Amino acid sequence: MSVRVGVVLFPGSNRDIDAINGLTVAGAEPVILWHEQADLDGVSAILLPGGFAYGDYLRAGVIARFSPVMRSVAAFAGRGGPVLGICNGFQVLAEAGLVPGALLRNRGLRFVCRQVSLRAEHLDTPFTRELAGAGPLRMPVAHGEGCYFADDATLDALEADGRVLWRYVGEDGEVAAPDERANPNGSLRGIAGVRNAAGNVAGLMPHPETAVESILGSDDGLGILRSLVVSAREYAQTGELSGVRAAAAVAAS
Amino acid sequence: MTVDAPPLHRALGLADVELDAIRDRLGRDPNDLELAMFSVMWSEHCSYKSSRPLLRTLPTTGDDVVAGVGEQAGVIAIGDGLAVAFKIESHNHPSAVEPYQGAATGVGGILRDVFAMGARPIAVLDALRFGDPSDARTRHLVDGVVRGVGGYGNCVGVPTVGGELVFDPSYQGNPLVNVMAIGLLEDGKLTRASADGPGNLVVLYGSATGRDGIGGASVLASATFGTQDPSKRPAVQVGDPFAEKLLIEATLELIAKGLVVSIQDLGAAGVTCAVSETADRAGTGVLVDLDAIPRREPGLEPFEVMISESQERMVAIVEPGRWEAVRAVCQRWDLPVAVIGRVTEEPDIVVLTADGAGALDTDGRPVEAARELARIPARALASEAIVFERESRQPARRRAAPAPGAPLEPVDALPLRGQDPGAVLLALLGSPNLSSRHPVYEQYDSNVQSNTVAAPGRGAAVLRIKGTTKALVAATDGNAPVGAIDPWLGAAWSVAEAARNVSITGARPLGVTNCLNYGDPTRPEAFWQLAEGVRGLGDACRALGVPVTGGNVSLYNEAPGSAIDPTPEIGIVGLLADVATLVGPAFTGDDHAIVLVGEAAAGLAGSEYERLAGAAPEDGPPALDLERERRLQAFIREAIARGLVGSCQDVSGGGLAVAVAEMAIWGGTGARLRLPVGDSPAVALFGESPSRLVVETLPRHAPALELLARHHGLPVETVGTTGGARLMIELTGGRGATGAAEERGGSIADALDVPVADLRHAWEHGLNRALGWDAPWAGAAEGAR
Amino acid sequence: MSAYRFAVNVTPKPGILDPQGRAVERSLPHLGIEGVSAVRVGRRVELTVDADDEAAARAVVETLASELLSNPLIEAYRVERAADAAAVGS
Amino acid sequence: MSAYRFAVNVTPKPGILDPQGRAVERSLPHLGIEGVSAVRVGRRVELTVDADDEAAARAVVETLASELLSNPLIEAYRVERAADAAAVGS
Ligand SMILES: Nc1ncnc2c1ncn2[C@@H]1O[C@H](COP(=O)(O)OP(=O)(O)O)[C@@H](O)[C@H]1O
Ligand SMILES: [Mg+2]
């Protein structure tokens with residue numbers, strides 16, 4: 001039986017089409033979660049898709065954060081359910097404080113759409129467990145505000161805690177510094193994606209859901225979506241996720 | 001009115017004969033509101049008053065054409081219960097005034113034309129033309145226009161998958177911004193803009209109405225831009241792509257649920273245009289309740305409400321019983337919605353007000369307090385707008401094309417003398433018009449919706465159609481330099497090139513949309529260019545068997561003292577039956593055969609080589625044989641279908657050398673060619689004569705490929721092999737020789753010999769350098785806004 | 001109830017990267033402008049609040065500024081009364 | 001020479017559509033906020049000018065504001081002295 005994965009639809013979301021396609025290819029049953037609904041329709045994982053929720057006016061992701069559905073998403077995350085935010089979805093999660101850091105305007109002050117290379121930093125998480133190796137993974141970025149920022153202490157803590165999940169890498173496989181072309185937006189320490197302290201909520205700027213078929217230029221993103229689907233299935237069956245920490249441990253850390 | 005004040009009709013841009021024609025149609029004098037409505041509807045932009053007689057000559061029919069010229073967008077059936085809708089439109093003048101918003105609202109407008117027909121927009125292409133890239137004003141325009149196209153398209157979630165960017169001095173005072181949109185619709189969802197059914201409601205939904213673009217249609221499209229009358233400065237329209245995204249979803253939902261009789265977008269001339277055109281198509285009229293139109297600000301005059309060009313609005317014709325359901329859909333998408341009128345049998349547009357209290361009762365009858373502000377027959381505003389037979393005069397020609405078969409003159413000997421042809425190739429690849437456009441298209445989301453098989457950068461865009469094996473292939477092309485010399489040739493050439501770009505992927509061209517960018521039609525020379533352009537467009541489409549399904553005419557592209565070169569912009573969509581057979585333009589491997597189909601013709605005029613090396617005054621552009629072009633395209637489609645083609649590129653800007661260099665750069669492998677030089681190495685290497693292809697094939701397939709080409713009556717020769725890290729082209733057997741060889745006294749031409757890495761470097765960095773975008777402060781001003 | 005017009009100035013916090021501010025600084029030489037430094041680009045939001053008194057109105061603005069208009073991780077804000085209390089259509 | 005700190009407030013002109021302002025207004029119900037209207041979203045640019053006197057400094061800011069920081073077709077600007085004259089590191 002295929003597992004139900006929610007795709008949150010805000011006014012202005014536009015990669016919902018891609019998310020639905022990607023999840024379908026990855027073997028899940030996508031379920032649209034309208035921004036005004038509080039009920040999560042029994043989904044076992046949630047994907048916040050890309051786009052421009054509320055036009056990204058003011059600041060990407062900020063208005064969407066106040067939608068009724070986001071209260072339910074936060075509660076679902078609090079219960080340990082797997083949540084993945086992609087691009088605008090990452091921005092919404094960051095604005096909502098569900099993942100650490102902020103996404104600033106791209107350092108080059110222009111929207112950037114091109115293929116990038118990612119390296120997965122950990123392969124034992126709900127979002128990377130199905131990856132064959134660390135990478136490099138080829139997939140597109142498409143955003144104007146994707147420069148990952150947190151203060152140095154926070155960054156150190158994230159790294160020490162294993163919460164940096166993906167980084168931009170150059171052709172040599174090395175992490176791309178903020179001023180290198182392989183780092184499309186100037187993100188600090190090449191960070192493309194992170195997760196929360198418990199480990200069940202993650203966000204990334206690149207688009208694995210658009211890189212799920214070789215005809216689209218790459219299927220390297222499939223491993224990330226499959227990981228989410230496997231995690232959803234596990235969560236549906238056991239109410240827990242492997243590779244995450246119990247809430248008590250998080251509170252203590 | 002004081003004696004000195006110009007009469008109102010002239011202030012609105014209407015000529016005296018037009019006022020007479022209006023009196024004629026009304027049987028009385030128009031009042032001021034009526035005059036304002038006529039002035040926007042009879043603008044060139046809405047009425048096509050100069051071009052309509054020409055456009056009637058175009059071939060517009062085809063077996064699969066579901067909707068064509070006269071509709072908001074052309075629609076062609078593609079099987080599997082699907083159809084494709086597409087259309088191109090200009091936003092030149094607004095973009096010259098305010099590049100970001102001009103371009104952004106251009107994208108918004110053309111998308112509305114497509115989804116108003118019931119199609120989900122799946123792609124945008126932008127064809128852009130500017131003056132000198134080193135000029136500060138040009139840079140400001142490029143930066144703003146590109147940000148505007150991206151800012152809008154990215155937000156609405158429609159990928160921008162192709163287009164053009166050309167720099168030429170003729171656009172210095174008058175940039176061109178043409179945008180094409182493509183949509184996909186299911187059979188049975190086609191929705192026409194026709195106000196059928198007297199008694200039905202006229203529903204306005206989308207953004208509220210403000211003072212945006214008042215008079216923009218008439219002032220911008222009908223007056224020469226740049227005259228210094230500040231009162232003609234239109235209010236700039238600001239686009240709201242977020243509102244457009246909601247409008248797309250709401251409109252498609254209304255259509256999917258079968259809630260509307262008809263839909264039309266609001267563009268130029270606003271409510272006036274939408275109600276008069278929809279009524280005219282149905283032979284009905286509309287009672288407009290002015291009071292019911294939602295406003296963004298207080299104090300709007302009736303004429304402002306009627307002609308405002310506020311963006312992101314649509315009009316739907318709705319049966320009364322469906323109104324509540326329509327309202328619910330709009331409210332779900334958070335869009336203001338209101339009943340603003342009723343369809344009537346009496347074929348007049350009647351504007352009513354009860355001083356803000358609502359002029360129509362719930363049954364659609366005028367309330368007692370209602371006053372009639374305007375009454376005009378719908379057809380007088382729309383299909384029976386005035387038409388002018390403009391005077392046409394051929395200017396003394398600057399240069400003529402050499403007659404077909406004329407001996408090849410070495411007109412190029414001078415520029416090339418003493419030059420290593422490799423250096424010329426590097427200069428061409430790094431030039432503003434031929435270098436990689438990635439600094440521009442990387443600012444566009446090109447893969448949202450997960451359909452993009454071939455993204456911008458390498459020839460035509462390819463979009464797979466989910467749930468089928470099919471793909472759509474799309475391109476825009478417009479050749480102005482050739483058209484400046486011979487406007488017939490420029491237009492026919494543009495069609496040939498656009499169609500060729502589709503055919504070389506293996507796809508069959510379905511239909512053509514076009515944007516005719518020309519000068520002031522009241523100048524006989526400019527009108528002649530337009531007439532010749534339309535003739536060339538029609539001839540080429542007939543010869544290639546591709547119908548014209550729509551388009552747009554943009555006239556008065558003149559800055560004080562200069563007109564643009566005539567620029568017929570062709571947008572084309574083709575269908576690939578099986579996306580697995582798609583052929584790209586990048587070399588696919590080493591030791592493959594390189595086959596040249598077609599042969600070089602004389603003439604370097606209008607080429608990028610000429611732009612670089614200077615013009616030879618006695619030279620003309622090469623000829624175009626439309627019948628040969630048809631056979632060439634039939635040949636390549638057949639060759640691809642039979643699996644004989646590894647990669648294919650047509651010879652266009654920069655000539656054969658640039659075509660092969662691109663294939664090498666993109667494929668990451670070099671090549672070695674021996675090229676019959678004829679009499680002119682420059683013509684052989686850099687000439688842009690049409691109807692030629694470079695085809696890569698497996699060595700064992702080369703004989704079959706050659707045979708097939710001969711079957712189609714095409715000259716063909718295997719000229720080389722792929723592989724290695726360099727591009728080497730030996731020139732053989734000609735009288736002329738490249739300069740370097742001559743200087744050594746040799747009679748055998750030099751080889752062109754350049755590492756592919758150098759070619760790539762020149763090609764990748766050229767545009768950033770030309771625009772100054774490689775400087776650390778690049779784009780600062782615009783970016784900081 | 002009266003109408004009070006406020007402005008909220010949102011600026012990047014000290015130490016936070018401000019590429020827009022830097023871009024402005026870098027472009028100054030090309031405009032022939034000298035002596036300008038420490039450019040910071042932020043947002044300004046003007047709004048009208050209907051409330052019983054100014055304190056109540058200001059409380060609404062503070063909520064809005066801290067929860068919606070600024071991101072405390074990266075931005076600071078300041079609320080001020082705006083001179084032109086006249087409401088402007090949006 | 002002294003250092004003067006200024007702020008330039010750039011706002012959409014009256015009558016010009018302000019999609020950002022509209023979006024903020026429409027999101028307020030989600031925040032449970034009432035009574036807010038006429039929201040206009042613009043930019044605020046703060047900068048330090050080294051000049052002989054305040055008039056000279058202000059002249060520089062005016063040039064900058066009209067030529068670089070605002071788009072006169074759709075935006076209005078106002079220059080003001082910024083309270084915190086202390087330069088903030090960018
Ligand atoms: N150059 C052209 N070639 C063919 N058809 C054209 C051309 N220009 C305009 N048309 C057709 O005339 C009709 C009116 O054009 P236009 O006013 O631009 O459309 P719309 O009202 O949908 O914006 C459309 O059907 C359009 O396709
Ligand atoms: Mg239209």
# chains A, B, ... in the order shown; residues from 1 in each chain; ligands from 1

$ closest_atom_pairs --of "chain B" --to "chain A" --cutoff "6 Å" --atoms "only C-alpha atoms" --output "tab-separated table"
residue	atom	partner	partner_atom	distance
B:Cys155	CA	A:Phe52	CA	5.7
B:Gly157	CA	A:Asn14	CA	5.1
B:Phe242	CA	A:Gly55	CA	4.7
B:Glu442	CA	A:Cys113	CA	4.9
B:Gln443	CA	A:Phe111	CA	4.9
B:Asp445	CA	A:Cys113	CA	5.5
B:Gln449	CA	A:Asp18	CA	5.3
B:Ser450	CA	A:Asp18	CA	5.5
B:Val453	CA	A:Leu216	CA	5.1
B:Gly783	CA	A:Leu109	CA	5.4

$ select_by_dssp --residues "chain C" --states "alpha helix (DSSP H)" --output "ChimeraX atom specification"
/C:19-31,54-64

$ residues_near_ligand --ligand "ligand 1" --cutoff "6 Å" --atoms "only C-alpha atoms and all ligand atoms" --output "ChimeraX atom specification"
/B:46,55,69-73,113,514-516,550-553

$ interface_residues --of "chain D" --to "chain C" --cutoff "8 Å" --atoms "only C-alpha atoms" --output "ChimeraX atom specification"
/D:9-11,14-18,21-22,33,35-51,60,87-90

$ write_last_selection --atoms "C-alpha atoms" --output "mmCIF file, in the first residue's frame"
data_model
loop_
_atom_site.group_PDB
_atom_site.id
_atom_site.type_symbol
_atom_site.label_atom_id
_atom_site.label_comp_id
_atom_site.auth_asym_id
_atom_site.auth_seq_id
_atom_site.Cartn_x
_atom_site.Cartn_y
_atom_site.Cartn_z
ATOM 1 C CA ASN D 9 12.680 56.385 2.920
ATOM 2 C CA VAL D 10 11.496 55.195 -0.452
ATOM 3 C CA THR D 11 7.790 54.420 -0.810
ATOM 4 C CA PRO D 14 0.162 57.270 -4.266
ATOM 5 C CA GLY D 15 -1.987 55.471 -6.803
ATOM 6 C CA ILE D 16 0.767 53.044 -7.759
ATOM 7 C CA LEU D 17 -0.151 49.458 -7.025
ATOM 8 C CA ASP D 18 1.747 48.083 -4.032
ATOM 9 C CA GLY D 21 1.295 46.196 0.969
ATOM 10 C CA ARG D 22 -1.759 44.353 -0.247
ATOM 11 C CA ILE D 33 -4.862 41.573 13.862
ATOM 12 C CA GLY D 35 -7.977 47.671 12.283
ATOM 13 C CA VAL D 36 -4.880 47.983 10.136
ATOM 14 C CA SER D 37 -5.207 49.532 6.687
ATOM 15 C CA ALA D 38 -3.383 51.493 3.981
ATOM 16 C CA VAL D 39 -0.231 49.422 4.289
ATOM 17 C CA ARG D 40 2.538 50.575 1.965
ATOM 18 C CA VAL D 41 5.833 48.732 1.780
ATOM 19 C CA GLY D 42 8.953 50.534 0.679
ATOM 20 C CA ARG D 43 12.669 50.621 1.325
ATOM 21 C CA ARG D 44 14.759 52.337 3.925
ATOM 22 C CA VAL D 45 18.372 53.061 3.167
ATOM 23 C CA GLU D 46 20.633 54.333 5.919
ATOM 24 C CA LEU D 47 24.018 55.775 5.137
ATOM 25 C CA THR D 48 26.835 57.935 6.470
ATOM 26 C CA VAL D 49 28.162 60.906 4.517
ATOM 27 C CA ASP D 50 31.444 62.647 5.180
ATOM 28 C CA ALA D 51 31.095 66.292 4.269
ATOM 29 C CA VAL D 60 24.916 64.163 -1.692
ATOM 30 C CA ALA D 87 28.252 54.393 11.717
ATOM 31 C CA VAL D 88 27.262 50.767 11.719
ATOM 32 C CA GLY D 89 29.618 48.316 10.158
ATOM 33 C CA SER D 90 28.311 46.943 6.914
#

$ closest_residue --among "C:Ala65, C:Ser2, C:Gly32, C:Ala55" --to "Tyr77 (chain C)" --atoms "only C-alpha atoms"
C:Ala65

$ atom_distance --atom1 "atom 1 (Mg, counted along the ligand's line) of ligand 2" --atom2 "CA of Val107 (chain B)"
11.4 Å

$ atom_distance --atom1 "CA of Phe76 (chain A)" --atom2 "CA of Leu165 (chain A)"
21.0 Å

$ residues_around --residues "Pro133 (chain B)" --least-positions-apart "2" --cutoff "8 Å" --atoms "only C-alpha atoms" --output "list in words"
Phe130, Gly131, Asp135, Ala136, Thr138, Arg139, Phe167, Pro432, Ala770 and Leu771 of chain B

$ select_by_dssp --residues "region 124-213 of chain A" --states "strand (DSSP E or B)" --output "VMD selection string"
chain A and resid 137 to 143 147 to 149 164 to 169 175 191 to 195 201 to 204 213

$ write_last_selection --atoms "C-alpha atoms" --output "JSON list (two decimals), in the first residue's frame"
[["chain", "number", "residue", "atom", "x", "y", "z"],
["A", 137, "LEU", "CA", 24.07, 14.85, -6.38],
["A", 138, "ARG", "CA", 23.09, 16.98, -9.38],
["A", 139, "MET", "CA", 19.87, 18.93, -9.16],
["A", 140, "PRO", "CA", 18.62, 22.43, -9.93],
["A", 141, "VAL", "CA", 18.31, 25.46, -7.71],
["A", 142, "ALA", "CA", 15.81, 28.19, -8.54],
["A", 143, "HIS", "CA", 15.59, 30.97, -5.98],
["A", 147, "CYS", "CA", 21.78, 32.43, 1.16],
["A", 148, "TYR", "CA", 21.91, 30.36, 4.32],
["A", 149, "PHE", "CA", 22.76, 32.40, 7.39],
["A", 164, "VAL", "CA", 23.99, 20.18, 8.38],
["A", 165, "LEU", "CA", 22.58, 17.71, 5.86],
["A", 166, "TRP", "CA", 23.68, 19.01, 2.47],
["A", 167, "ARG", "CA", 26.37, 21.33, 1.16],
["A", 168, "TYR", "CA", 27.14, 22.80, -2.25],
["A", 169, "VAL", "CA", 30.31, 21.31, -3.68],
["A", 175, "VAL", "CA", 32.63, 22.47, -0.24],
["A", 191, "ILE", "CA", 25.19, 24.96, 3.51],
["A", 192, "ALA", "CA", 22.34, 23.91, 1.24],
["A", 193, "GLY", "CA", 20.15, 22.16, 3.80],
["A", 194, "VAL", "CA", 19.81, 21.60, 7.55],
["A", 195, "ARG", "CA", 17.58, 19.85, 10.02],
["A", 201, "VAL", "CA", 12.35, 18.34, 10.13],
["A", 202, "ALA", "CA", 14.68, 19.31, 7.30],
["A", 203, "GLY", "CA", 14.90, 22.01, 4.68],
["A", 204, "LEU", "CA", 17.00, 22.51, 1.60],
["A", 213, "GLU", "CA", 13.75, 11.36, -14.00]]

$ closest_atom_pairs --of "chain B" --to "ligand 2" --cutoff "8 Å" --atoms "only C-alpha atoms and all ligand atoms" --output "tab-separated table"
residue	atom	partner	partner_atom_place_in_ligand_line	distance
B:Gln72	CA	ligand 2	1 (Mg)	5.8
B:Gly109	CA	ligand 2	1 (Mg)	6.5
B:Ile110	CA	ligand 2	1 (Mg)	6.7
B:Arg112	CA	ligand 2	1 (Mg)	7.0
B:Asp113	CA	ligand 2	1 (Mg)	5.0
B:Gln264	CA	ligand 2	1 (Mg)	7.8
B:Asp265	CA	ligand 2	1 (Mg)	6.0
B:Leu266	CA	ligand 2	1 (Mg)	6.6
B:Gly267	CA	ligand 2	1 (Mg)	5.3
B:Ala268	CA	ligand 2	1 (Mg)	7.2

$ residues_around --residues "Pro178 (chain A)" --least-positions-apart "3" --cutoff "6 Å" --atoms "only C-alpha atoms" --output "list in words"
Asn183, Gly186 and Ser187 of chain A

$ write_last_selection --atoms "N, CA, C and O atoms" --output "compact mmCIF listing (two decimals), in the first residue's frame"
# COMPACT_ATOMS: atom_id res chain seq x y z
N ASN A 183 28.64 27.65 -5.44
CA ASN A 183 27.75 28.03 -4.34
C ASN A 183 26.84 29.11 -4.91
O ASN A 183 27.25 30.26 -5.08
N GLY A 186 25.78 32.18 -2.08
CA GLY A 186 26.64 32.75 -1.05
C GLY A 186 26.41 32.17 0.33
O GLY A 186 26.81 32.77 1.34
N SER A 187 25.78 31.01 0.41
CA SER A 187 25.50 30.41 1.71
C SER A 187 26.76 30.22 2.54
O SER A 187 27.80 29.80 2.01

$ closest_residue --among "D:Ala82, D:Ala76, D:Ser70, D:Pro29" --to "chain B" --atoms "only C-alpha atoms"
D:Ser70

$ atom_distance --atom1 "CA of Arg637 (chain B)" --atom2 "CA of Val597 (chain B)"
13.3 Å

$ residues_around --residues "Arg523 (chain B)" --least-positions-apart "2" --cutoff "12 Å" --atoms "only C-alpha atoms" --output "list in words"
Ser50, Thr224, Arg390, Glu391, Ser392, Arg393, Gln394, Pro395, Tyr518, Gly519, Asp520, Pro521, Glu525, Ala526, Phe527, Trp528, Gln529, Leu530, Leu555, Tyr556, Glu558 and Ala563 of chain B

$ residues_around --residues "Ser435 (chain B)" --least-positions-apart "2" --cutoff "12 Å" --atoms "only C-alpha atoms" --output "ChimeraX atom specification"
/B:164-167,425-433,437-440,457-458,608,653-654,658,661-662,665,759-771

$ write_last_selection --atoms "N, CA, C and O atoms" --output "short mmCIF file (atom, residue, chain, number, x, y, z; two decimals), in the first residue's frame"
data_model
loop_
_atom_site.label_atom_id
_atom_site.label_comp_id
_atom_site.auth_asym_id
_atom_site.auth_seq_id
_atom_site.Cartn_x
_atom_site.Cartn_y
_atom_site.Cartn_z
N GLU B 164 15.33 35.17 -27.06
CA GLU B 164 16.44 35.75 -27.80
C GLU B 164 16.96 36.98 -27.09
O GLU B 164 16.21 37.64 -26.36
N LEU B 165 18.20 37.28 -27.34
CA LEU B 165 18.79 38.53 -26.85
C LEU B 165 19.72 39.01 -27.93
O LEU B 165 20.73 38.36 -28.23
N VAL B 166 19.38 40.12 -28.55
CA VAL B 166 20.16 40.64 -29.67
C VAL B 166 20.49 42.10 -29.40
O VAL B 166 19.64 42.85 -28.93
N PHE B 167 21.73 42.45 -29.69
CA PHE B 167 22.14 43.85 -29.58
C PHE B 167 22.37 44.41 -30.98
O PHE B 167 23.07 43.78 -31.78
N LEU B 425 37.03 33.26 -35.25
CA LEU B 425 36.02 32.41 -34.60
C LEU B 425 35.89 32.73 -33.11
O LEU B 425 34.79 32.84 -32.58
N LEU B 426 37.04 32.91 -32.45
CA LEU B 426 36.99 33.23 -31.02
C LEU B 426 36.29 34.57 -30.81
O LEU B 426 35.50 34.73 -29.87
N ALA B 427 36.57 35.52 -31.68
CA ALA B 427 35.93 36.83 -31.54
C ALA B 427 34.42 36.72 -31.73
O ALA B 427 33.64 37.34 -31.02
N LEU B 428 34.03 35.91 -32.70
CA LEU B 428 32.58 35.73 -32.93
C LEU B 428 31.92 35.05 -31.74
O LEU B 428 30.87 35.48 -31.27
N LEU B 429 32.56 33.98 -31.25
CA LEU B 429 31.95 33.24 -30.14
C LEU B 429 31.83 34.09 -28.88
O LEU B 429 30.93 33.90 -28.07
N GLY B 430 32.74 35.04 -28.74
CA GLY B 430 32.70 35.90 -27.55
C GLY B 430 31.94 37.19 -27.79
O GLY B 430 31.90 38.04 -26.90
N SER B 431 31.35 37.34 -28.97
CA SER B 431 30.69 38.62 -29.29
C SER B 431 29.35 38.72 -28.56
O SER B 431 28.77 37.72 -28.14
N PRO B 432 28.86 39.96 -28.39
CA PRO B 432 27.63 40.15 -27.62
C PRO B 432 26.45 39.33 -28.13
O PRO B 432 25.62 38.89 -27.34
N ASN B 433 26.37 39.07 -29.43
CA ASN B 433 25.19 38.38 -29.94
C ASN B 433 25.35 36.86 -30.01
O ASN B 433 24.35 36.16 -30.13
N ARG B 437 24.17 32.89 -23.47
CA ARG B 437 23.18 33.75 -22.82
C ARG B 437 22.92 33.36 -21.37
O ARG B 437 21.96 33.82 -20.77
N HIS B 438 23.79 32.50 -20.80
CA HIS B 438 23.46 32.03 -19.45
C HIS B 438 23.35 33.13 -18.41
O HIS B 438 22.57 32.99 -17.47
N PRO B 439 24.10 34.23 -18.52
CA PRO B 439 23.90 35.26 -17.49
C PRO B 439 22.47 35.79 -17.47
O PRO B 439 22.00 36.26 -16.44
N VAL B 440 21.78 35.66 -18.57
CA VAL B 440 20.37 36.09 -18.60
C VAL B 440 19.46 34.94 -18.20
O VAL B 440 18.68 35.06 -17.25
N GLY B 457 19.50 27.67 -23.77
CA GLY B 457 20.96 27.64 -23.92
C GLY B 457 21.43 26.94 -25.16
O GLY B 457 22.46 27.30 -25.72
N ARG B 458 20.72 25.95 -25.59
CA ARG B 458 21.18 25.15 -26.74
C ARG B 458 20.04 24.89 -27.69
O ARG B 458 19.48 23.80 -27.71
N GLU B 608 26.74 38.17 -38.62
CA GLU B 608 27.53 38.59 -37.46
C GLU B 608 28.97 38.84 -37.87
O GLU B 608 29.66 39.67 -37.29
N GLY B 653 23.58 32.17 -37.01
CA GLY B 653 24.45 33.27 -36.61
C GLY B 653 25.91 32.84 -36.45
O GLY B 653 26.22 31.92 -35.69
N GLY B 654 26.81 33.48 -37.16
CA GLY B 654 28.23 33.15 -37.06
C GLY B 654 28.68 32.09 -38.05
O GLY B 654 29.87 31.79 -38.15
N VAL B 658 30.87 28.64 -36.34
CA VAL B 658 30.25 28.80 -35.03
C VAL B 658 29.34 27.61 -34.73
O VAL B 658 29.31 27.10 -33.61
N ALA B 661 31.55 24.81 -33.72
CA ALA B 661 32.19 25.13 -32.43
C ALA B 661 31.21 24.89 -31.29
O ALA B 661 31.56 24.35 -30.24
N GLU B 662 29.95 25.30 -31.48
CA GLU B 662 28.96 25.09 -30.43
C GLU B 662 28.74 23.60 -30.16
O GLU B 662 28.66 23.17 -29.01
N ILE B 665 31.70 22.52 -28.14
CA ILE B 665 31.68 23.03 -26.77
C ILE B 665 30.66 22.25 -25.94
O ILE B 665 30.94 21.79 -24.83
N LEU B 759 37.57 27.89 -27.04
CA LEU B 759 36.27 28.24 -27.63
C LEU B 759 35.25 28.41 -26.51
O LEU B 759 34.48 29.38 -26.47
N ARG B 760 35.26 27.45 -25.59
CA ARG B 760 34.30 27.49 -24.49
C ARG B 760 34.50 28.75 -23.64
O ARG B 760 33.55 29.42 -23.26
N HIS B 761 35.74 29.06 -23.39
CA HIS B 761 36.02 30.22 -22.55
C HIS B 761 35.49 31.50 -23.20
O HIS B 761 34.83 32.32 -22.55
N ALA B 762 35.77 31.65 -24.47
CA ALA B 762 35.30 32.86 -25.17
C ALA B 762 33.78 32.93 -25.14
O ALA B 762 33.19 33.97 -24.85
N TRP B 763 33.17 31.79 -25.41
CA TRP B 763 31.71 31.74 -25.51
C TRP B 763 31.06 32.00 -24.15
O TRP B 763 30.07 32.71 -24.03
N GLU B 764 31.65 31.46 -23.10
CA GLU B 764 31.02 31.60 -21.78
C GLU B 764 31.14 32.99 -21.17
O GLU B 764 30.30 33.39 -20.38
N HIS B 765 32.18 33.71 -21.52
CA HIS B 765 32.40 34.98 -20.84
C HIS B 765 31.99 36.20 -21.63
O HIS B 765 32.00 37.32 -21.09
N GLY B 766 31.64 35.99 -22.89
CA GLY B 766 31.39 37.14 -23.76
C GLY B 766 30.29 38.07 -23.28
O GLY B 766 30.46 39.30 -23.27
N LEU B 767 29.18 37.52 -22.87
CA LEU B 767 28.04 38.39 -22.55
C LEU B 767 28.29 39.17 -21.26
O LEU B 767 28.01 40.37 -21.19
N ASN B 768 28.80 38.49 -20.25
CA ASN B 768 29.10 39.21 -19.01
C ASN B 768 30.05 40.37 -19.27
O ASN B 768 29.90 41.44 -18.69
N ARG B 769 31.01 40.11 -20.13
CA ARG B 769 31.97 41.17 -20.42
C ARG B 769 31.28 42.31 -21.17
O ARG B 769 31.46 43.48 -20.86
N ALA B 770 30.48 41.96 -22.15
CA ALA B 770 29.83 42.99 -22.97
C ALA B 770 28.93 43.89 -22.12
O ALA B 770 28.83 45.09 -22.35
N LEU B 771 28.28 43.30 -21.12
CA LEU B 771 27.34 44.07 -20.30
C LEU B 771 27.97 44.63 -19.04
O LEU B 771 27.30 45.31 -18.26
#

$ residues_around --residues "Gly133 (chain A)" --least-positions-apart "6" --cutoff "10 Å" --atoms "only C-alpha atoms" --output "PyMOL selection string"
chain A and resi 119-123+223
